[in-house]
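Quick look at work-v3.txt (compact mmCIF, N, CA and C atoms):
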# COMPACT_ATOMS: atom_id res chain seq x y z
N GLN T 945 -7.20 -35.80 1.66
CA GLN T 945 -6.97 -34.52 2.29
C GLN T 945 -5.47 -34.25 2.28
N VAL T 946 -5.11 -33.04 1.85
CA VAL T 946 -3.70 -32.67 1.79
C VAL T 946 -3.17 -32.49 3.19
N GLN T 947 -1.97 -32.97 3.42
CA GLN T 947 -1.31 -32.79 4.71
C GLN T 947 0.04 -32.12 4.51
N LEU T 948 0.38 -31.28 5.46
CA LEU T 948 1.67 -30.60 5.47
C LEU T 948 2.51 -31.20 6.59
N VAL T 949 3.77 -31.43 6.28
CA VAL T 949 4.67 -32.03 7.27
C VAL T 949 5.92 -31.16 7.38
N GLU T 950 6.12 -30.62 8.57
CA GLU T 950 7.29 -29.79 8.84
C GLU T 950 8.34 -30.60 9.59
N SER T 951 9.59 -30.30 9.33
CA SER T 951 10.69 -31.00 10.00
C SER T 951 11.90 -30.09 10.07
N GLY T 952 12.87 -30.52 10.84
CA GLY T 952 14.14 -29.81 10.90
C GLY T 952 14.36 -28.97 12.14
N GLY T 953 13.36 -28.88 12.98
CA GLY T 953 13.52 -28.10 14.20
C GLY T 953 14.41 -28.80 15.20
N GLY T 954 14.63 -28.13 16.31
CA GLY T 954 15.47 -28.70 17.35
C GLY T 954 15.95 -27.63 18.29
N LEU T 955 16.99 -27.98 19.01
CA LEU T 955 17.58 -27.06 19.98
C LEU T 955 18.83 -26.44 19.37
N ALA T 956 18.93 -25.13 19.45
CA ALA T 956 20.10 -24.43 18.94
C ALA T 956 20.53 -23.37 19.94
N GLN T 957 21.77 -23.03 19.89
CA GLN T 957 22.27 -21.94 20.73
C GLN T 957 22.08 -20.62 20.00
N ALA T 958 22.00 -19.56 20.75
CA ALA T 958 21.90 -18.24 20.14
C ALA T 958 23.09 -18.04 19.19
N GLY T 959 22.78 -17.53 18.02
CA GLY T 959 23.80 -17.35 17.00
C GLY T 959 23.92 -18.54 16.06
N GLY T 960 23.27 -19.62 16.38
CA GLY T 960 23.34 -20.82 15.57
C GLY T 960 22.37 -20.81 14.40
N SER T 961 22.30 -21.94 13.72
CA SER T 961 21.48 -22.06 12.52
C SER T 961 20.68 -23.36 12.53
N LEU T 962 19.56 -23.31 11.87
CA LEU T 962 18.73 -24.48 11.62
C LEU T 962 18.10 -24.32 10.24
N ARG T 963 17.78 -25.44 9.63
CA ARG T 963 17.09 -25.42 8.34
C ARG T 963 15.83 -26.25 8.45
N LEU T 964 14.71 -25.62 8.23
CA LEU T 964 13.43 -26.29 8.29
C LEU T 964 12.97 -26.70 6.90
N SER T 965 12.23 -27.79 6.84
CA SER T 965 11.66 -28.27 5.59
C SER T 965 10.17 -28.50 5.75
N CYS T 966 9.46 -28.29 4.67
CA CYS T 966 8.01 -28.53 4.66
C CYS T 966 7.66 -29.25 3.37
N THR T 967 7.01 -30.38 3.50
CA THR T 967 6.53 -31.11 2.33
C THR T 967 5.02 -31.28 2.43
N ALA T 968 4.39 -31.55 1.30
CA ALA T 968 2.94 -31.73 1.26
C ALA T 968 2.61 -33.06 0.61
N SER T 969 1.51 -33.64 1.04
CA SER T 969 1.09 -34.92 0.48
C SER T 969 0.42 -34.76 -0.88
N GLY T 970 0.00 -33.54 -1.21
CA GLY T 970 -0.62 -33.27 -2.49
C GLY T 970 0.14 -32.19 -3.24
N TYR T 971 -0.31 -31.94 -4.47
CA TYR T 971 0.38 -30.97 -5.33
C TYR T 971 -0.06 -29.56 -4.97
N ILE T 972 0.45 -29.10 -3.84
CA ILE T 972 0.05 -27.80 -3.31
C ILE T 972 1.18 -26.78 -3.41
N ILE T 973 2.35 -27.18 -3.03
CA ILE T 973 3.45 -26.22 -2.92
C ILE T 973 3.80 -25.57 -4.25
N PRO T 974 3.91 -26.32 -5.35
CA PRO T 974 4.34 -25.68 -6.60
C PRO T 974 3.35 -24.65 -7.17
N ILE T 975 2.10 -24.69 -6.75
CA ILE T 975 1.11 -23.83 -7.39
C ILE T 975 0.61 -22.72 -6.47
N ASN T 976 1.22 -22.60 -5.30
CA ASN T 976 0.76 -21.59 -4.36
C ASN T 976 1.91 -20.76 -3.80
N THR T 977 1.58 -19.54 -3.36
CA THR T 977 2.49 -18.81 -2.50
C THR T 977 2.49 -19.52 -1.16
N MET T 978 3.67 -19.82 -0.67
CA MET T 978 3.80 -20.57 0.58
C MET T 978 4.46 -19.70 1.65
N GLY T 979 4.06 -19.94 2.87
CA GLY T 979 4.64 -19.18 3.97
C GLY T 979 5.06 -20.07 5.11
N TRP T 980 6.02 -19.60 5.84
CA TRP T 980 6.39 -20.17 7.13
C TRP T 980 5.80 -19.27 8.21
N TYR T 981 5.16 -19.90 9.16
CA TYR T 981 4.54 -19.19 10.27
C TYR T 981 5.14 -19.74 11.57
N ARG T 982 4.96 -19.01 12.63
CA ARG T 982 5.41 -19.52 13.94
C ARG T 982 4.46 -19.06 15.03
N ARG T 983 4.42 -19.89 16.08
CA ARG T 983 3.63 -19.53 17.26
C ARG T 983 4.54 -19.70 18.47
N ALA T 984 4.84 -18.59 19.09
CA ALA T 984 5.64 -18.60 20.31
C ALA T 984 4.72 -18.81 21.51
N PRO T 985 5.25 -19.29 22.60
CA PRO T 985 4.41 -19.51 23.80
C PRO T 985 3.67 -18.24 24.20
N GLY T 986 2.36 -18.38 24.36
CA GLY T 986 1.54 -17.26 24.79
C GLY T 986 1.25 -16.22 23.74
N LYS T 987 1.64 -16.49 22.50
CA LYS T 987 1.42 -15.51 21.43
C LYS T 987 0.62 -16.12 20.29
N GLN T 988 0.10 -15.26 19.43
CA GLN T 988 -0.63 -15.73 18.27
C GLN T 988 0.34 -16.18 17.18
N ARG T 989 -0.16 -17.01 16.32
CA ARG T 989 0.64 -17.44 15.18
C ARG T 989 0.89 -16.24 14.26
N GLU T 990 2.10 -16.13 13.76
CA GLU T 990 2.46 -15.00 12.91
C GLU T 990 3.24 -15.48 11.70
N LEU T 991 3.18 -14.70 10.64
CA LEU T 991 3.95 -15.01 9.44
C LEU T 991 5.43 -14.69 9.70
N VAL T 992 6.28 -15.61 9.28
CA VAL T 992 7.72 -15.38 9.35
C VAL T 992 8.22 -14.91 7.98
N GLU T 993 7.91 -15.68 6.97
CA GLU T 993 8.36 -15.34 5.63
C GLU T 993 7.52 -16.12 4.62
N ALA T 994 7.30 -15.52 3.46
CA ALA T 994 6.53 -16.17 2.42
C ALA T 994 7.25 -16.03 1.09
N ILE T 995 6.92 -16.93 0.16
CA ILE T 995 7.56 -16.90 -1.16
C ILE T 995 6.52 -17.23 -2.22
N THR T 996 6.49 -16.40 -3.28
CA THR T 996 5.56 -16.64 -4.37
C THR T 996 6.09 -17.73 -5.29
N ARG T 997 5.29 -18.11 -6.25
CA ARG T 997 5.73 -19.11 -7.23
C ARG T 997 6.93 -18.60 -8.03
N ASP T 998 7.03 -17.28 -8.14
CA ASP T 998 8.12 -16.68 -8.91
C ASP T 998 9.33 -16.37 -8.05
N GLY T 999 9.26 -16.69 -6.77
CA GLY T 999 10.41 -16.49 -5.90
C GLY T 999 10.47 -15.15 -5.19
N ILE T 1000 9.40 -14.37 -5.26
CA ILE T 1000 9.36 -13.09 -4.55
C ILE T 1000 9.02 -13.36 -3.10
N THR T 1001 9.78 -12.75 -2.20
CA THR T 1001 9.61 -13.05 -0.78
C THR T 1001 9.04 -11.87 0.01
N THR T 1002 8.36 -12.22 1.05
CA THR T 1002 7.84 -11.28 2.04
C THR T 1002 8.27 -11.80 3.40
N TYR T 1003 8.74 -10.90 4.27
CA TYR T 1003 9.23 -11.39 5.55
C TYR T 1003 8.88 -10.43 6.67
N ALA T 1004 8.87 -10.99 7.88
CA ALA T 1004 8.66 -10.16 9.06
C ALA T 1004 9.94 -9.40 9.37
N ASP T 1005 9.79 -8.18 9.85
CA ASP T 1005 10.96 -7.36 10.17
C ASP T 1005 11.89 -8.05 11.16
N SER T 1006 11.31 -8.85 12.03
CA SER T 1006 12.11 -9.47 13.08
C SER T 1006 13.10 -10.50 12.55
N VAL T 1007 12.91 -10.98 11.33
CA VAL T 1007 13.82 -11.99 10.78
C VAL T 1007 14.61 -11.47 9.59
N LYS T 1008 14.47 -10.21 9.29
CA LYS T 1008 15.16 -9.62 8.14
C LYS T 1008 16.66 -9.82 8.24
N GLY T 1009 17.23 -10.34 7.16
CA GLY T 1009 18.67 -10.54 7.12
C GLY T 1009 19.15 -11.80 7.82
N ARG T 1010 18.25 -12.50 8.49
CA ARG T 1010 18.65 -13.72 9.22
C ARG T 1010 18.02 -14.98 8.64
N PHE T 1011 16.78 -14.91 8.21
CA PHE T 1011 16.05 -16.07 7.69
C PHE T 1011 15.89 -15.95 6.18
N THR T 1012 15.92 -17.09 5.52
CA THR T 1012 15.73 -17.11 4.07
C THR T 1012 14.80 -18.25 3.70
N ILE T 1013 13.73 -17.92 3.02
CA ILE T 1013 12.80 -18.94 2.53
C ILE T 1013 13.17 -19.32 1.11
N SER T 1014 12.99 -20.57 0.77
CA SER T 1014 13.23 -21.01 -0.60
C SER T 1014 12.27 -22.15 -0.91
N ARG T 1015 12.18 -22.49 -2.17
CA ARG T 1015 11.27 -23.56 -2.57
C ARG T 1015 11.90 -24.41 -3.65
N ASP T 1016 11.55 -25.68 -3.64
CA ASP T 1016 11.96 -26.62 -4.68
C ASP T 1016 10.68 -27.27 -5.17
N ASN T 1017 10.13 -26.72 -6.24
CA ASN T 1017 8.84 -27.22 -6.72
C ASN T 1017 8.93 -28.67 -7.18
N ALA T 1018 10.05 -29.06 -7.73
CA ALA T 1018 10.20 -30.44 -8.20
C ALA T 1018 10.13 -31.42 -7.03
N ARG T 1019 10.58 -30.97 -5.88
CA ARG T 1019 10.53 -31.82 -4.68
C ARG T 1019 9.30 -31.54 -3.81
N ASN T 1020 8.48 -30.60 -4.27
CA ASN T 1020 7.25 -30.26 -3.51
C ASN T 1020 7.61 -29.88 -2.08
N THR T 1021 8.65 -29.04 -1.94
CA THR T 1021 9.20 -28.73 -0.63
C THR T 1021 9.50 -27.24 -0.51
N VAL T 1022 9.26 -26.71 0.67
CA VAL T 1022 9.63 -25.34 1.02
C VAL T 1022 10.61 -25.41 2.19
N TYR T 1023 11.60 -24.54 2.15
CA TYR T 1023 12.63 -24.53 3.19
C TYR T 1023 12.66 -23.18 3.91
N LEU T 1024 13.16 -23.21 5.11
CA LEU T 1024 13.44 -21.97 5.84
C LEU T 1024 14.82 -22.12 6.47
N GLN T 1025 15.76 -21.38 5.93
CA GLN T 1025 17.11 -21.35 6.49
C GLN T 1025 17.13 -20.26 7.56
N MET T 1026 17.46 -20.64 8.77
CA MET T 1026 17.45 -19.71 9.89
C MET T 1026 18.87 -19.56 10.42
N ASN T 1027 19.42 -18.38 10.31
CA ASN T 1027 20.76 -18.09 10.80
C ASN T 1027 20.68 -17.05 11.91
N SER T 1028 21.77 -16.92 12.63
CA SER T 1028 21.85 -15.93 13.71
C SER T 1028 20.62 -16.02 14.62
N LEU T 1029 20.31 -17.21 15.03
CA LEU T 1029 19.11 -17.43 15.84
C LEU T 1029 19.19 -16.70 17.17
N LYS T 1030 18.02 -16.27 17.62
CA LYS T 1030 17.90 -15.56 18.89
C LYS T 1030 16.90 -16.31 19.78
N PRO T 1031 17.02 -16.15 21.08
CA PRO T 1031 16.05 -16.82 21.97
C PRO T 1031 14.61 -16.48 21.64
N GLU T 1032 14.35 -15.28 21.14
CA GLU T 1032 12.99 -14.90 20.80
C GLU T 1032 12.47 -15.59 19.55
N ASP T 1033 13.31 -16.34 18.87
CA ASP T 1033 12.86 -17.15 17.74
C ASP T 1033 12.26 -18.47 18.20
N THR T 1034 12.35 -18.76 19.48
CA THR T 1034 11.78 -19.99 20.02
C THR T 1034 10.28 -20.02 19.77
N ALA T 1035 9.83 -21.08 19.10
CA ALA T 1035 8.42 -21.20 18.70
C ALA T 1035 8.22 -22.53 18.00
N VAL T 1036 6.98 -22.84 17.76
CA VAL T 1036 6.64 -23.94 16.86
C VAL T 1036 6.44 -23.33 15.48
N TYR T 1037 7.12 -23.89 14.49
CA TYR T 1037 7.10 -23.36 13.13
C TYR T 1037 6.23 -24.24 12.24
N TYR T 1038 5.41 -23.58 11.44
CA TYR T 1038 4.47 -24.24 10.55
C TYR T 1038 4.61 -23.68 9.14
N CYS T 1039 4.22 -24.45 8.17
CA CYS T 1039 4.09 -23.92 6.82
C CYS T 1039 2.63 -24.02 6.39
N ASN T 1040 2.28 -23.18 5.44
CA ASN T 1040 0.93 -23.18 4.90
C ASN T 1040 0.90 -22.22 3.72
N THR T 1041 -0.20 -22.16 3.03
CA THR T 1041 -0.33 -21.21 1.94
C THR T 1041 -0.43 -19.80 2.52
N TYR T 1042 -0.15 -18.84 1.69
CA TYR T 1042 -0.14 -17.43 2.10
C TYR T 1042 -0.76 -16.59 0.99
N PRO T 1043 -1.54 -15.54 1.26
CA PRO T 1043 -1.79 -14.99 2.58
C PRO T 1043 -2.87 -15.72 3.39
N THR T 1044 -3.67 -16.53 2.74
CA THR T 1044 -4.70 -17.27 3.47
C THR T 1044 -4.26 -18.71 3.65
N PRO T 1045 -4.09 -19.14 4.89
CA PRO T 1045 -3.77 -20.55 5.12
C PRO T 1045 -4.96 -21.43 4.76
N MET T 1046 -4.83 -22.19 3.69
CA MET T 1046 -5.96 -22.96 3.16
C MET T 1046 -5.92 -24.43 3.52
N ILE T 1047 -4.78 -24.87 4.05
CA ILE T 1047 -4.60 -26.28 4.37
C ILE T 1047 -4.68 -26.47 5.89
N SER T 1048 -5.19 -27.59 6.31
CA SER T 1048 -5.21 -27.87 7.74
C SER T 1048 -3.78 -27.81 8.28
N TRP T 1049 -3.63 -27.17 9.42
CA TRP T 1049 -2.29 -27.01 9.98
C TRP T 1049 -1.68 -28.36 10.32
N GLY T 1050 -0.38 -28.49 10.02
CA GLY T 1050 0.35 -29.68 10.40
C GLY T 1050 0.75 -29.62 11.86
N GLN T 1051 1.59 -30.55 12.26
CA GLN T 1051 2.04 -30.60 13.65
C GLN T 1051 3.05 -29.50 13.96
N GLY T 1052 3.69 -29.02 12.93
CA GLY T 1052 4.73 -28.03 13.15
C GLY T 1052 6.02 -28.68 13.62
N THR T 1053 7.05 -27.87 13.73
CA THR T 1053 8.34 -28.34 14.22
C THR T 1053 8.84 -27.34 15.26
N GLN T 1054 9.23 -27.86 16.40
CA GLN T 1054 9.63 -27.01 17.52
C GLN T 1054 11.06 -26.51 17.32
N VAL T 1055 11.24 -25.22 17.46
CA VAL T 1055 12.57 -24.60 17.46
C VAL T 1055 12.77 -23.95 18.82
N THR T 1056 13.84 -24.34 19.48
CA THR T 1056 14.16 -23.78 20.79
C THR T 1056 15.57 -23.21 20.73
N VAL T 1057 15.70 -21.95 21.06
CA VAL T 1057 16.99 -21.29 21.02
C VAL T 1057 17.40 -20.90 22.43
N SER T 1058 18.53 -21.39 22.84
CA SER T 1058 19.02 -21.09 24.19
C SER T 1058 20.01 -19.93 24.14
N SER T 1059 20.02 -19.17 25.20
CA SER T 1059 20.91 -18.00 25.25
C SER T 1059 22.27 -18.36 25.81
Encoded form (structure tokens):
Amino acid sequence: QVQLVESGGGLAQAGGSLRLSCTASGYIIPINTMGWYRRAPGKQRELVEAITRDGITTYADSVKGRFTISRDNARNTVYLQMNSLKPEDTAVYYCNTYPTPMISWGQGTQVTVSS
């Protein structure tokens, strides 16, 4: 069974930066459109940003100009560079295929932004 492992979260101050990484135990990332999702306390999970195999990205308006998704197919890894963080970015961040999450959700990585 393929597993997704997210890492790189932590505590950041408003205006700070974090870089998240997502790896998979199977050959999933290079052949799929991948997305970063997040679930904030009391809210539903939502798409943050996605990237196709060709590098075309889709993003939520709330992260426009601040977050950048990228992929390294050779390393079977997807990244999310998060700049200019805001307290409302506080959430557990997950990766999965997009638009349909086809893999069992991983543990995610907690991002907490203090004001």
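Between Gln1054 of chain T and the residues T:Ser951, T:Ser1006, T:Thr1001, T:Gln988, the shortest atom-to-atom distance, using only N, CA and C atoms, involves T:Ser951.
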- Near Glu990 of chain T, within 7 Å and counting all atoms listed in the file, which residues show up once chain neighbours fewer than 5 positions away are dropped, as a PyMOL selection string? chain T and resi 980-984
- Query: Quick one: distance from atom CA of Val949 of chain T to atom CA of Gln1051 of chain T in Å, one decimal?
  - Reply: 7.0 Å
- Task: Just the residues within 8 Å of Lys1030 of chain T, please, counting only N, CA and C atoms, with nothing from its chain fewer than 3 positions along; format it as a PyMOL selection string.
- Result: chain T and resi 956-960+1026-1027+1033-1034+1056-1059
Just the residues within 8 Å of Gln945 of chain T, please, counting only N, CA and C atoms, with nothing from its chain fewer than 4 positions along; format it as a PDB file with N, CA and C atoms, in the frame of the given file.
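Writing done, so here's out-v3.pdb:
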ATOM      1  N   SER T 969       1.510 -33.640   1.040  1.00  0.00           N
ATOM      2  CA  SER T 969       1.090 -34.920   0.480  1.00  0.00           C
ATOM      3  C   SER T 969       0.420 -34.760  -0.880  1.00  0.00           C
ATOM      4  N   GLY T 970       0.000 -33.540  -1.210  1.00  0.00           N
ATOM      5  CA  GLY T 970      -0.620 -33.270  -2.490  1.00  0.00           C
ATOM      6  C   GLY T 970       0.140 -32.190  -3.240  1.00  0.00           C
ATOM      7  N   SER T1048      -5.190 -27.590   6.310  1.00  0.00           N
ATOM      8  CA  SER T1048      -5.210 -27.870   7.740  1.00  0.00           C
ATOM      9  C   SER T1048      -3.780 -27.810   8.280  1.00  0.00           C
TER      10      SER T1048
END
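The gap separating atom CA of Glu1032 of chain T from atom CA of Ile995 of chain T is 22.7 Å, in Å to one decimal.
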- Could you name the residues that touch Ser1014 of chain T at 6 Å or less, counting all atoms listed in the file, but leaving out those on the same chain fewer than 2 positions away, as JSON, numbers by chain? {"T": [1012, 1016, 1021, 1022, 1023, 1024, 1025]}
- Task: Compare T:Pro974, T:Gly979, T:Gly1052, T:Pro985 by their minimum atom-to-atom distance to Ala1018 of chain T, counting only C-alpha atoms, and give me the closest one.
- Result: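 Selected residue with least distance to Ala1018 of chain T: T:Pro974.
We find atom N of Arg963 of chain T and atom N of Val1036 of chain T to be spaced 13.8 Å apart.
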- Query: Quick one: residues within 12 Å of Ala994 of chain T, only C-alpha atoms counted, chain neighbours fewer than 3 positions away excluded, as a ChimeraX atom specification?
  - Reply: /T:973,976-981,990-991,997-1004,1007,1011-1015,1022-1024,1038-1045
- Query: Can you list, as number ranges by chain, every residue of chain T that DSSP puts in strand (DSSP E or B)?
  - Reply: T: 948-951, 954-957, 962-968, 978-983, 990-995, 1001-1003, 1011-1016, 1021-1026, 1035-1041, 1053-1058
- If you count only C-alpha atoms, the residue of T:Tyr971, T:Arg1010, T:Glu950, T:Glu993 closest to Leu1029 of chain T turns out to be T:Arg1010
- Best match for closeness to Gly1050 of chain T among T:Asn1020, T:Leu964, T:Thr996, T:Tyr1037, counting all atoms listed in the file: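 Of T:Asn1020, T:Leu964, T:Thr996, T:Tyr1037, the one nearest Gly1050 of chain T, counting all atoms listed in the file, is T:Tyr1037.
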Could you rebuild segment 987-1007 of chain T with N, CA, C and O atoms and give it back as a PDB file, in the coordinates of the input?
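So the final result, stored in part.pdb, reads:
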ATOM      1  N   LYS T 987       1.640 -16.490  22.500  1.00  0.00           N
ATOM      2  CA  LYS T 987       1.420 -15.510  21.430  1.00  0.00           C
ATOM      3  C   LYS T 987       0.620 -16.120  20.290  1.00  0.00           C
ATOM      4  O   LYS T 987       0.497 -17.332  20.177  1.00  0.00           O
ATOM      5  N   GLN T 988       0.100 -15.260  19.430  1.00  0.00           N
ATOM      6  CA  GLN T 988      -0.630 -15.730  18.270  1.00  0.00           C
ATOM      7  C   GLN T 988       0.340 -16.180  17.180  1.00  0.00           C
ATOM      8  O   GLN T 988       1.489 -15.732  17.114  1.00  0.00           O
ATOM      9  N   ARG T 989      -0.160 -17.010  16.320  1.00  0.00           N
ATOM     10  CA  ARG T 989       0.640 -17.440  15.180  1.00  0.00           C
ATOM     11  C   ARG T 989       0.890 -16.240  14.260  1.00  0.00           C
ATOM     12  O   ARG T 989      -0.006 -15.431  14.021  1.00  0.00           O
ATOM     13  N   GLU T 990       2.100 -16.130  13.760  1.00  0.00           N
ATOM     14  CA  GLU T 990       2.460 -15.000  12.910  1.00  0.00           C
ATOM     15  C   GLU T 990       3.240 -15.480  11.700  1.00  0.00           C
ATOM     16  O   GLU T 990       3.893 -16.528  11.726  1.00  0.00           O
ATOM     17  N   LEU T 991       3.180 -14.700  10.640  1.00  0.00           N
ATOM     18  CA  LEU T 991       3.950 -15.010   9.440  1.00  0.00           C
ATOM     19  C   LEU T 991       5.430 -14.690   9.700  1.00  0.00           C
ATOM     20  O   LEU T 991       5.765 -13.635  10.227  1.00  0.00           O
ATOM     21  N   VAL T 992       6.280 -15.610   9.280  1.00  0.00           N
ATOM     22  CA  VAL T 992       7.720 -15.380   9.350  1.00  0.00           C
ATOM     23  C   VAL T 992       8.220 -14.910   7.980  1.00  0.00           C
ATOM     24  O   VAL T 992       8.863 -13.874   7.859  1.00  0.00           O
ATOM     25  N   GLU T 993       7.910 -15.680   6.970  1.00  0.00           N
ATOM     26  CA  GLU T 993       8.360 -15.340   5.630  1.00  0.00           C
ATOM     27  C   GLU T 993       7.520 -16.120   4.620  1.00  0.00           C
ATOM     28  O   GLU T 993       7.081 -17.232   4.906  1.00  0.00           O
ATOM     29  N   ALA T 994       7.300 -15.520   3.460  1.00  0.00           N
ATOM     30  CA  ALA T 994       6.530 -16.170   2.420  1.00  0.00           C
ATOM     31  C   ALA T 994       7.250 -16.030   1.090  1.00  0.00           C
ATOM     32  O   ALA T 994       8.074 -15.123   0.902  1.00  0.00           O
ATOM     33  N   ILE T 995       6.920 -16.930   0.160  1.00  0.00           N
ATOM     34  CA  ILE T 995       7.560 -16.900  -1.160  1.00  0.00           C
ATOM     35  C   ILE T 995       6.520 -17.230  -2.220  1.00  0.00           C
ATOM     36  O   ILE T 995       5.758 -18.186  -2.102  1.00  0.00           O
ATOM     37  N   THR T 996       6.490 -16.400  -3.280  1.00  0.00           N
ATOM     38  CA  THR T 996       5.560 -16.640  -4.370  1.00  0.00           C
ATOM     39  C   THR T 996       6.090 -17.730  -5.290  1.00  0.00           C
ATOM     40  O   THR T 996       7.237 -18.185  -5.154  1.00  0.00           O
ATOM     41  N   ARG T 997       5.290 -18.110  -6.250  1.00  0.00           N
ATOM     42  CA  ARG T 997       5.730 -19.110  -7.230  1.00  0.00           C
ATOM     43  C   ARG T 997       6.930 -18.600  -8.030  1.00  0.00           C
ATOM     44  O   ARG T 997       7.749 -19.385  -8.504  1.00  0.00           O
ATOM     45  N   ASP T 998       7.030 -17.280  -8.140  1.00  0.00           N
ATOM     46  CA  ASP T 998       8.120 -16.680  -8.910  1.00  0.00           C
ATOM     47  C   ASP T 998       9.330 -16.370  -8.050  1.00  0.00           C
ATOM     48  O   ASP T 998      10.306 -15.805  -8.550  1.00  0.00           O
ATOM     49  N   GLY T 999       9.260 -16.690  -6.770  1.00  0.00           N
ATOM     50  CA  GLY T 999      10.410 -16.490  -5.900  1.00  0.00           C
ATOM     51  C   GLY T 999      10.470 -15.150  -5.190  1.00  0.00           C
ATOM     52  O   GLY T 999      11.480 -14.817  -4.577  1.00  0.00           O
ATOM     53  N   ILE T1000       9.400 -14.370  -5.260  1.00  0.00           N
ATOM     54  CA  ILE T1000       9.360 -13.090  -4.550  1.00  0.00           C
ATOM     55  C   ILE T1000       9.020 -13.360  -3.100  1.00  0.00           C
ATOM     56  O   ILE T1000       8.090 -14.114  -2.798  1.00  0.00           O
ATOM     57  N   THR T1001       9.780 -12.750  -2.200  1.00  0.00           N
ATOM     58  CA  THR T1001       9.610 -13.050  -0.780  1.00  0.00           C
ATOM     59  C   THR T1001       9.040 -11.870   0.010  1.00  0.00           C
ATOM     60  O   THR T1001       9.238 -10.711  -0.349  1.00  0.00           O
ATOM     61  N   THR T1002       8.360 -12.220   1.050  1.00  0.00           N
ATOM     62  CA  THR T1002       7.840 -11.280   2.040  1.00  0.00           C
ATOM     63  C   THR T1002       8.270 -11.800   3.400  1.00  0.00           C
ATOM     64  O   THR T1002       8.178 -13.007   3.641  1.00  0.00           O
ATOM     65  N   TYR T1003       8.740 -10.900   4.270  1.00  0.00           N
ATOM     66  CA  TYR T1003       9.230 -11.390   5.550  1.00  0.00           C
ATOM     67  C   TYR T1003       8.880 -10.430   6.670  1.00  0.00           C
ATOM     68  O   TYR T1003       8.644  -9.242   6.454  1.00  0.00           O
ATOM     69  N   ALA T1004       8.870 -10.990   7.880  1.00  0.00           N
ATOM     70  CA  ALA T1004       8.660 -10.160   9.060  1.00  0.00           C
ATOM     71  C   ALA T1004       9.940  -9.400   9.370  1.00  0.00           C
ATOM     72  O   ALA T1004      11.039  -9.900   9.161  1.00  0.00           O
ATOM     73  N   ASP T1005       9.790  -8.180   9.850  1.00  0.00           N
ATOM     74  CA  ASP T1005      10.960  -7.360  10.170  1.00  0.00           C
ATOM     75  C   ASP T1005      11.890  -8.050  11.160  1.00  0.00           C
ATOM     76  O   ASP T1005      13.107  -7.866  11.122  1.00  0.00           O
ATOM     77  N   SER T1006      11.310  -8.850  12.030  1.00  0.00           N
ATOM     78  CA  SER T1006      12.110  -9.470  13.080  1.00  0.00           C
ATOM     79  C   SER T1006      13.100 -10.500  12.550  1.00  0.00           C
ATOM     80  O   SER T1006      14.043 -10.873  13.258  1.00  0.00           O
ATOM     81  N   VAL T1007      12.910 -10.980  11.330  1.00  0.00           N
ATOM     82  CA  VAL T1007      13.820 -11.990  10.780  1.00  0.00           C
ATOM     83  C   VAL T1007      14.610 -11.470   9.590  1.00  0.00           C
ATOM     84  O   VAL T1007      15.395 -12.217   8.995  1.00  0.00           O
TER      85      VAL T1007
END
